[in-house]
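Asker: One structure coming up, written as structure tokens, with questions to follow.
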There are 2 protein chains.
Amino acid sequence: MKSDPENLPLDRLADLLSDDMAAVDALIRDRMTSQHAPRIPEVTAHLVSAGGKRMRPMLTLAAARLCGSAGPDAVKLAATVEFIHTATLLHDDVVDESGQRRGRPTANLLWDNKSSVLVGDYLFARGFQLMVETGSLRVLDILANASATIAEGEVLQLTAAQDLRTDEDMYLQIVRGKTAALFSAATEVGGVIAAAPQSHIQALFDYGDALGIAFQITDDLLDYQGDSTNTGKNIGDDFRERKLTPPVIKAVAQATDDERAFWIRTIEKGQQSDGDLEHALELMAKYKTLEATRADATGWANKAKLSLSGLPEHPIRTLLHEISDFVVARLA
Amino acid sequence: MKSDPENLPLDRLADLLSDDMAAVDALIRDRMTSQHAPRIPEVTAHLVSAGGKRMRPMLTLAAARLCGSAGPDAVKLAATVEFIHTATLLHDDVVDESGQRRGRPTANLLWDNKSSVLVGDYLFARGFQLMVETGSLRVLDILANASATIAEGEVLQLTAAQDLRTDEDMYLQIVRGKTAALFSAATEVGGVIAAAPQSHIQALFDYGDALGIAFQITDDLLDYQGDSTNTGKNIGDDFRERKLTPPVIKAVAQATDDERAFWIRTIEKGQQSDGDLEHALELMAKYKTLEATRADATGWANKAKLSLSGLPEHPIRTLLHEISDFVVARLA
């Protein structure tokens, strides 16, 4: 990946880690194939060529290098983290019955739900094999726990959608599961594999946790104010899917009786018609919930930056600091 | 589980292992819950209460005890094996769009595909956590490999269905993945956790592999000649789902031009109408493919018995011998 004219911090981190990231990509391409089932590389190549920022494996490599090591085991763990992430994307695509991801059709439309489920299982198992190769039981423990937390968060989201009782605490718990658990595991295992002192490992965990939460809140905000040509998402997808995210949760919490009836009809009962999304956006404007959500995201980004103070000075630490700002700057 | 009047070998094994199996059941019930997501125990309780023979965890406990040990780690691994099995059942139910399993509605009909996928992921991760607790990297390696092989076999089955080129070699490869990989891993890890000599571990692997293949061939045969009140399956489900299993593969291999046209229409093109299943059964009778399939299953059961000769004499070895016969005796 080359730096673009804006020299964004993720691009600079990618440049700094380019040798290791090339090794991660090569390892992913090698391990995602299947000797026997050609359908597997068809599905995974589609996903891998779709690119994405490879943020999670970069976080693992960055954490390991910041702690003094980025050997072959760090590369294996970075690939593992990306395999787990890709597996959850494939399973999400089945789950959400969504039509596009990163602006391209999802695998379950190009193939079918069956392939998405089973290829996801295959990638998860391949990531698991890579972890075992590092021989670190502590790493295995961290990523096994993260995998359970991710699945739990996704199930929680399933039951919390369409339920107006979903409050900000519940939202945070869901986000910790579906997004932050893999961010924090990615940074934590980087520290563990570099044999960093426990205080550094804890700081890396805290950074990943706060960064993941800032990232997801920003994503949920962009759903209501992003530009669909950049995000590959349509404005209001979450509203149509009746998901409770901060812009709506905050509006529901302050709703008048009439407004509450509107939310019950559109979110709980799913009876939506033309003009409902526009009315929802008006209510968000009335209570300034997009601004409040943006403040939440910025707060978590600041927490991420604070946790970096527990780590030694290092050019990568500076970049991780900038990445915290960048993650919420997508809002600008 | 109490012995029934026929004193079947699986029941006698269950009696012999009853204390450990009670510990396995308690561990499964404890670990399949979720602090946060009540949907998870709803789905899993449905599956667990459906029972099943718990054959795979019993094989792990039997292998460990045969090799001199069945401590807490063997119980953890037996529970792991059942978690992996249950996760694959949940994902299979999505995949096959099947309407019932063990004579009861599948989870994806009672809840939805989303829950089946995500709860399956959760159970897989919970099993993974249990394995990590044993601290045995060799066990982790075996079960990571088995998980990849299972997913690969399922994908292979997806692409091999509806394809008349699927021959007996391909069928065997699919079966090794979707069924035998977990049987052989179940027996192998039992030997590993008991610190058995390598020759015994190999014999246990060979036993599980051959038993799993015999079991699956029998299942596929029962699809065409079973009694749906016993099996909970309808005669000819595989034909309707256009799966290529030995009764059909053997008939296709010997087909006249007219018969081949019939198979192309019904299996490859999926154009099925009344009387087609009956005609398929006539062709199986013409070439005696059900008898030949039964001979295959018996052959694999005999291989399973032979591999036991590499193990020390033990009451459990005698039961494993009888279980090989029992698995194919379901045909009688």
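Numbering starts fresh at 1 for the residues of each chain in the structure tokens, the chains themselves are lettered A, B, ... in the order given, and ligands are numbered from 1 as they appear.
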At a cut-off of 9 Å, can you tabulate as a Markdown table every residue of chain B near chain A together with its closest atom pair and the distance in Å to one decimal, using only C-alpha atoms and ordering rows by chain then number?

Answerer:
```
| residue | atom | partner | partner_atom | distance |
| --- | --- | --- | --- | --- |
| B:Ser34 | CA | A:Glu152 | CA | 7.4 |
| B:His36 | CA | A:Leu156 | CA | 7.2 |
| B:Ala37 | CA | A:Leu156 | CA | 5.2 |
| B:Pro38 | CA | A:Leu156 | CA | 8.2 |
| B:Arg39 | CA | A:Val155 | CA | 7.1 |
| B:Ile40 | CA | A:Val155 | CA | 7.4 |
| B:His91 | CA | A:Val117 | CA | 6.9 |
| B:Asp92 | CA | A:Lys114 | CA | 8.6 |
| B:Val94 | CA | A:Lys114 | CA | 7.2 |
| B:Val95 | CA | A:Lys114 | CA | 4.7 |
| B:Asp96 | CA | A:Lys114 | CA | 7.8 |
| B:Asn113 | CA | A:Val95 | CA | 7.1 |
| B:Lys114 | CA | A:Val95 | CA | 4.7 |
| B:Ser115 | CA | A:Val155 | CA | 6.8 |
| B:Val117 | CA | A:His91 | CA | 6.9 |
| B:Leu118 | CA | A:Ala151 | CA | 5.8 |
| B:Val119 | CA | A:Ala151 | CA | 7.0 |
| B:Gly120 | CA | A:Ala151 | CA | 8.6 |
| B:Asp121 | CA | A:Ala151 | CA | 6.0 |
| B:Tyr122 | CA | A:Ala151 | CA | 5.0 |
| B:Leu123 | CA | A:Ala148 | CA | 7.8 |
| B:Phe124 | CA | A:Ala148 | CA | 8.1 |
| B:Ala125 | CA | A:Ala148 | CA | 4.9 |
| B:Arg126 | CA | A:Ala148 | CA | 6.1 |
| B:Gly127 | CA | A:Ala144 | CA | 8.8 |
| B:Phe128 | CA | A:Ala144 | CA | 6.0 |
| B:Gln129 | CA | A:Ala144 | CA | 5.3 |
| B:Val132 | CA | A:Asp141 | CA | 6.1 |
| B:Glu133 | CA | A:Asp141 | CA | 8.0 |
| B:Gly135 | CA | A:Leu137 | CA | 6.8 |
| B:Ser136 | CA | A:Leu137 | CA | 8.6 |
| B:Leu137 | CA | A:Gly135 | CA | 6.8 |
| B:Arg138 | CA | A:Val132 | CA | 8.8 |
| B:Leu140 | CA | A:Val132 | CA | 6.7 |
| B:Asp141 | CA | A:Val132 | CA | 6.1 |
| B:Leu143 | CA | A:Gln129 | CA | 8.9 |
| B:Ala144 | CA | A:Gln129 | CA | 5.4 |
| B:Asn145 | CA | A:Gln129 | CA | 6.6 |
| B:Ala146 | CA | A:Ala125 | CA | 8.5 |
| B:Ser147 | CA | A:Ala125 | CA | 5.6 |
| B:Ala148 | CA | A:Ala125 | CA | 4.9 |
| B:Thr149 | CA | A:Tyr122 | CA | 8.0 |
| B:Ile150 | CA | A:Tyr122 | CA | 8.0 |
| B:Ala151 | CA | A:Tyr122 | CA | 5.0 |
| B:Glu152 | CA | A:Tyr122 | CA | 6.4 |
| B:Gly153 | CA | A:Ala37 | CA | 7.9 |
| B:Glu154 | CA | A:Leu118 | CA | 6.8 |
| B:Val155 | CA | A:Leu118 | CA | 6.2 |
| B:Leu156 | CA | A:Ala37 | CA | 5.2 |
| B:Gln157 | CA | A:Ala37 | CA | 9.0 |
| B:Leu158 | CA | A:Ser115 | CA | 7.9 |
| B:Thr159 | CA | A:Arg39 | CA | 7.3 |
| B:Gln173 | CA | A:His36 | CA | 8.7 |
```

Asker: Go through stretch 120-301 of chain A and collect every residue that DSSP, computed from the backbone, puts in alpha helix (DSSP H); the answer should be as a PyMOL selection string.

Answerer: chain A and resi 120-134+137-160+168-175+181-193+198-225+228-231+237-240+246-253+257-263+276-286+289-301

Asker: Fewer than 3 positions away in the same chain doesn't count, so skip those; otherwise give me all residues within 12 Å of A:Ser307, counting only C-alpha atoms, as a PDB file with N, CA and C atoms, in the first residue's frame.

Answerer:
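Result file is selection.pdb:
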```
ATOM      1  N   SER A 199       2.143  -4.740  32.055  1.00  0.00           N
ATOM      2  CA  SER A 199       1.549  -3.391  32.006  1.00  0.00           C
ATOM      3  C   SER A 199       1.421  -2.912  30.560  1.00  0.00           C
ATOM      4  N   HIS A 200       2.378  -3.285  29.713  1.00  0.00           N
ATOM      5  CA  HIS A 200       2.287  -2.906  28.307  1.00  0.00           C
ATOM      6  C   HIS A 200       1.167  -3.688  27.608  1.00  0.00           C
ATOM      7  N   ILE A 201       1.074  -4.963  27.947  1.00  0.00           N
ATOM      8  CA  ILE A 201       0.018  -5.783  27.345  1.00  0.00           C
ATOM      9  C   ILE A 201      -1.354  -5.220  27.718  1.00  0.00           C
ATOM     10  N   GLN A 202      -1.496  -4.813  28.982  1.00  0.00           N
ATOM     11  CA  GLN A 202      -2.773  -4.230  29.428  1.00  0.00           C
ATOM     12  C   GLN A 202      -3.063  -2.931  28.667  1.00  0.00           C
ATOM     13  N   ALA A 203      -2.033  -2.088  28.493  1.00  0.00           N
ATOM     14  CA  ALA A 203      -2.219  -0.823  27.768  1.00  0.00           C
ATOM     15  C   ALA A 203      -2.637  -1.098  26.323  1.00  0.00           C
ATOM     16  N   LEU A 204      -2.032  -2.122  25.714  1.00  0.00           N
ATOM     17  CA  LEU A 204      -2.390  -2.471  24.333  1.00  0.00           C
ATOM     18  C   LEU A 204      -3.832  -2.963  24.258  1.00  0.00           C
ATOM     19  N   PHE A 205      -4.226  -3.769  25.235  1.00  0.00           N
ATOM     20  CA  PHE A 205      -5.619  -4.226  25.286  1.00  0.00           C
ATOM     21  C   PHE A 205      -6.558  -3.027  25.388  1.00  0.00           C
ATOM     22  N   ASP A 206      -6.253  -2.119  26.316  1.00  0.00           N
ATOM     23  CA  ASP A 206      -7.120  -0.951  26.534  1.00  0.00           C
ATOM     24  C   ASP A 206      -7.218  -0.094  25.268  1.00  0.00           C
ATOM     25  N   TYR A 207      -6.090   0.059  24.596  1.00  0.00           N
ATOM     26  CA  TYR A 207      -6.079   0.824  23.350  1.00  0.00           C
ATOM     27  C   TYR A 207      -7.012   0.174  22.318  1.00  0.00           C
ATOM     28  N   GLY A 208      -6.848  -1.125  22.102  1.00  0.00           N
ATOM     29  CA  GLY A 208      -7.664  -1.828  21.105  1.00  0.00           C
ATOM     30  C   GLY A 208      -9.148  -1.769  21.448  1.00  0.00           C
ATOM     31  N   ASP A 209      -9.452  -1.914  22.722  1.00  0.00           N
ATOM     32  CA  ASP A 209     -10.847  -1.878  23.175  1.00  0.00           C
ATOM     33  C   ASP A 209     -11.472  -0.511  22.859  1.00  0.00           C
ATOM     34  N   ALA A 210     -10.803   0.564  23.266  1.00  0.00           N
ATOM     35  CA  ALA A 210     -11.358   1.910  23.067  1.00  0.00           C
ATOM     36  C   ALA A 210     -11.391   2.265  21.578  1.00  0.00           C
ATOM     37  N   LEU A 211     -10.344   1.878  20.848  1.00  0.00           N
ATOM     38  CA  LEU A 211     -10.315   2.162  19.410  1.00  0.00           C
ATOM     39  C   LEU A 211     -11.468   1.444  18.702  1.00  0.00           C
ATOM     40  N   TRP A 300     -14.243   8.061  23.165  1.00  0.00           N
ATOM     41  CA  TRP A 300     -13.556   6.766  23.128  1.00  0.00           C
ATOM     42  C   TRP A 300     -12.201   6.883  22.431  1.00  0.00           C
ATOM     43  N   ALA A 301     -12.114   7.713  21.406  1.00  0.00           N
ATOM     44  CA  ALA A 301     -10.820   7.920  20.737  1.00  0.00           C
ATOM     45  C   ALA A 301      -9.825   8.534  21.726  1.00  0.00           C
ATOM     46  N   ASN A 302     -10.317   9.442  22.568  1.00  0.00           N
ATOM     47  CA  ASN A 302      -9.428  10.041  23.571  1.00  0.00           C
ATOM     48  C   ASN A 302      -8.975   9.007  24.592  1.00  0.00           C
ATOM     49  N   LYS A 303      -9.889   8.109  24.969  1.00  0.00           N
ATOM     50  CA  LYS A 303      -9.500   7.021  25.882  1.00  0.00           C
ATOM     51  C   LYS A 303      -8.408   6.164  25.251  1.00  0.00           C
ATOM     52  N   ALA A 304      -8.552   5.897  23.969  1.00  0.00           N
ATOM     53  CA  ALA A 304      -7.544   5.094  23.269  1.00  0.00           C
ATOM     54  C   ALA A 304      -6.189   5.793  23.349  1.00  0.00           C
ATOM     55  N   GLY A 310       0.800   4.423  28.613  1.00  0.00           N
ATOM     56  CA  GLY A 310       1.418   3.312  29.340  1.00  0.00           C
ATOM     57  C   GLY A 310       2.458   2.567  28.526  1.00  0.00           C
ATOM     58  N   LEU A 311       2.698   3.024  27.295  1.00  0.00           N
ATOM     59  CA  LEU A 311       3.620   2.298  26.414  1.00  0.00           C
ATOM     60  C   LEU A 311       4.876   3.130  26.146  1.00  0.00           C
ATOM     61  N   PRO A 312       5.998   2.466  25.833  1.00  0.00           N
ATOM     62  CA  PRO A 312       7.239   3.205  25.569  1.00  0.00           C
ATOM     63  C   PRO A 312       7.105   4.115  24.339  1.00  0.00           C
ATOM     64  N   ARG A 317       3.966   4.185  18.267  1.00  0.00           N
ATOM     65  CA  ARG A 317       3.055   4.737  19.267  1.00  0.00           C
ATOM     66  C   ARG A 317       2.451   6.045  18.755  1.00  0.00           C
ATOM     67  N   LEU A 320      -0.200   5.207  16.232  1.00  0.00           N
ATOM     68  CA  LEU A 320      -1.419   4.681  16.863  1.00  0.00           C
ATOM     69  C   LEU A 320      -2.233   5.834  17.455  1.00  0.00           C
ATOM     70  N   HIS A 321      -1.531   6.822  17.972  1.00  0.00           N
ATOM     71  CA  HIS A 321      -2.181   8.029  18.488  1.00  0.00           C
ATOM     72  C   HIS A 321      -2.970   8.722  17.372  1.00  0.00           C
ATOM     73  N   SER A 324      -6.153   6.898  16.252  1.00  0.00           N
ATOM     74  CA  SER A 324      -7.334   7.127  17.104  1.00  0.00           C
ATOM     75  C   SER A 324      -8.122   8.320  16.595  1.00  0.00           C
TER      76      SER A 324
END
```

Asker: Can you pull out the residues contacting A:Leu59? Cut-off 8 Å, using only C-alpha atoms, and skip same-chain residues under 6 positions away; I want them as a list of chain:residue names.

Answerer: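 Contacts, with the query itself left out: A:Ala78, A:Phe183, A:Ala186, A:Thr187, A:Gly190.
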
Asker: I'd like the neighbourhood of B:Ala62 as a short mmCIF file (atom, residue, chain, number, x, y, z; two decimals) with N, CA and C atoms, in the first residue's frame, where a residue qualifies if any of its atoms comes within 12 Å (using only C-alpha atoms), though same-chain residues fewer than 6 positions away should be ignored.

Answerer:
```
data_model
loop_
_atom_site.label_atom_id
_atom_site.label_comp_id
_atom_site.auth_asym_id
_atom_site.auth_seq_id
_atom_site.Cartn_x
_atom_site.Cartn_y
_atom_site.Cartn_z
N LEU B 10 -23.57 -49.67 22.63
CA LEU B 10 -23.45 -48.25 22.99
C LEU B 10 -24.02 -47.98 24.38
N ARG B 12 -24.12 -50.20 26.81
CA ARG B 12 -23.19 -50.77 27.79
C ARG B 12 -21.98 -49.86 27.97
N LEU B 13 -21.50 -49.27 26.86
CA LEU B 13 -20.39 -48.31 26.98
C LEU B 13 -20.84 -47.10 27.81
N ALA B 14 -22.07 -46.64 27.56
CA ALA B 14 -22.58 -45.49 28.32
C ALA B 14 -22.65 -45.83 29.81
N ASP B 15 -23.05 -47.06 30.13
CA ASP B 15 -23.09 -47.47 31.54
C ASP B 15 -21.69 -47.45 32.15
N LEU B 16 -20.75 -48.00 31.40
CA LEU B 16 -19.37 -48.08 31.90
C LEU B 16 -18.80 -46.69 32.13
N LEU B 17 -19.20 -45.74 31.28
CA LEU B 17 -18.64 -44.38 31.36
C LEU B 17 -19.60 -43.41 32.04
N SER B 18 -20.60 -43.95 32.76
CA SER B 18 -21.70 -43.07 33.18
C SER B 18 -21.24 -41.91 34.06
N ASP B 20 -18.30 -40.34 34.08
CA ASP B 20 -17.62 -39.35 33.24
C ASP B 20 -18.61 -38.66 32.30
N MET B 21 -19.56 -39.44 31.78
CA MET B 21 -20.52 -38.82 30.85
C MET B 21 -21.41 -37.83 31.60
N MET B 55 -22.33 -40.16 20.86
CA MET B 55 -21.34 -41.16 20.47
C MET B 55 -19.93 -40.59 20.47
N ARG B 56 -19.78 -39.36 19.96
CA ARG B 56 -18.44 -38.80 19.80
C ARG B 56 -17.75 -38.56 21.14
N GLY B 68 -5.70 -45.93 29.85
CA GLY B 68 -5.29 -45.82 31.25
C GLY B 68 -5.67 -44.54 31.96
N SER B 69 -6.36 -43.61 31.30
CA SER B 69 -6.67 -42.35 31.95
C SER B 69 -8.00 -41.79 31.50
N ALA B 70 -8.78 -41.28 32.41
CA ALA B 70 -9.98 -40.53 32.02
C ALA B 70 -10.22 -39.44 33.05
N GLY B 71 -9.24 -38.61 33.25
CA GLY B 71 -9.32 -37.53 34.23
C GLY B 71 -10.10 -36.35 33.70
N ALA B 74 -9.81 -35.40 29.95
CA ALA B 74 -10.56 -36.23 29.00
C ALA B 74 -12.02 -35.78 28.97
N VAL B 75 -12.56 -35.40 30.13
CA VAL B 75 -13.95 -34.90 30.18
C VAL B 75 -14.05 -33.60 29.37
N LEU B 77 -12.20 -32.66 26.87
CA LEU B 77 -12.08 -32.93 25.44
C LEU B 77 -13.34 -33.59 24.89
N ALA B 78 -13.95 -34.45 25.70
CA ALA B 78 -15.21 -35.07 25.26
C ALA B 78 -16.26 -33.98 25.05
N ALA B 186 -11.80 -37.58 17.72
CA ALA B 186 -12.35 -37.91 19.05
C ALA B 186 -11.57 -39.04 19.69
N THR B 187 -11.30 -40.10 18.93
CA THR B 187 -10.55 -41.22 19.51
C THR B 187 -9.08 -40.87 19.68
N GLU B 188 -8.51 -40.14 18.71
CA GLU B 188 -7.09 -39.80 18.77
C GLU B 188 -6.77 -38.93 20.00
N VAL B 189 -7.58 -37.88 20.24
CA VAL B 189 -7.27 -37.01 21.38
C VAL B 189 -7.45 -37.74 22.70
N GLY B 190 -8.33 -38.75 22.73
CA GLY B 190 -8.45 -39.57 23.94
C GLY B 190 -7.13 -40.26 24.26
N GLY B 191 -6.50 -40.82 23.20
CA GLY B 191 -5.20 -41.46 23.39
C GLY B 191 -4.12 -40.46 23.75
N ILE B 193 -4.40 -37.52 25.28
CA ILE B 193 -4.54 -36.94 26.62
C ILE B 193 -4.19 -37.99 27.69
N ALA B 194 -4.28 -39.28 27.31
CA ALA B 194 -3.88 -40.35 28.23
C ALA B 194 -2.39 -40.66 28.10
N LEU B 204 -6.02 -45.89 17.46
CA LEU B 204 -7.27 -45.21 17.83
C LEU B 204 -7.75 -44.31 16.69
N GLY B 208 -11.31 -44.75 14.66
CA GLY B 208 -12.31 -43.67 14.52
C GLY B 208 -12.59 -43.36 13.06
N HIS B 314 -8.79 -55.06 26.81
CA HIS B 314 -9.47 -54.22 27.79
C HIS B 314 -10.97 -54.39 27.54
N PRO B 315 -11.80 -54.36 28.59
CA PRO B 315 -13.25 -54.48 28.36
C PRO B 315 -13.76 -53.43 27.36
N ILE B 316 -13.16 -52.25 27.38
CA ILE B 316 -13.60 -51.20 26.45
C ILE B 316 -13.24 -51.57 25.02
N ARG B 317 -12.09 -52.22 24.84
CA ARG B 317 -11.73 -52.64 23.49
C ARG B 317 -12.78 -53.60 22.96
N THR B 318 -13.25 -54.51 23.81
CA THR B 318 -14.29 -55.45 23.40
C THR B 318 -15.56 -54.71 22.99
N LEU B 319 -15.91 -53.67 23.77
CA LEU B 319 -17.12 -52.90 23.43
C LEU B 319 -16.95 -52.14 22.12
N LEU B 320 -15.76 -51.57 21.91
CA LEU B 320 -15.52 -50.84 20.66
C LEU B 320 -15.65 -51.79 19.46
N ILE B 323 -19.25 -52.24 18.90
CA ILE B 323 -19.85 -51.02 18.36
C ILE B 323 -19.65 -50.93 16.84
#
```

Asker: How far is it from atom CA of B:Val328 to atom CA of B:Ala214, in Å with one decimal?

Answerer: 6.7 Å

Asker: Excluding same-chain residues fewer than 6 positions from stretch 282-287 of chain B, what lies within 8 Å of it counting only C-alpha atoms, as a short mmCIF file (atom, residue, chain, number, x, y, z; two decimals) with C-alpha atoms, in the first residue's frame?

Answerer:
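As a result, selection-v8.cif now contains:
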```cif
data_model
loop_
_atom_site.label_atom_id
_atom_site.label_comp_id
_atom_site.auth_asym_id
_atom_site.auth_seq_id
_atom_site.Cartn_x
_atom_site.Cartn_y
_atom_site.Cartn_z
CA PRO B 247 -26.68 -46.19 -3.83
CA VAL B 248 -26.97 -43.63 -6.65
CA LYS B 250 -23.12 -47.13 -8.13
CA ALA B 251 -26.27 -47.05 -10.27
CA GLN B 254 -23.59 -48.83 -14.58
#
```

Asker: Atom CA of B:Ile264 to atom CA of B:Ile213: how many Å, to one decimal?

Answerer: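 It comes out at 27.1 Å.
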
Asker: Just list as a ChimeraX atom specification whatever in stretch 8-234 of chain A DSSP marks as strand (DSSP E).

Answerer: /A:100-101,104-105

Asker: Could the residues in this selection be written to a file with C-alpha atoms, as a compact mmCIF listing (two decimals), in the first residue's frame?

Answerer:
```txt
# COMPACT_ATOMS: atom_id res chain seq x y z
CA GLN A 100 -23.46 -5.24 -0.48
CA ARG A 101 -20.26 -4.84 1.49
CA ARG A 104 -19.55 -4.91 -3.88
CA PRO A 105 -22.16 -7.67 -3.81
```
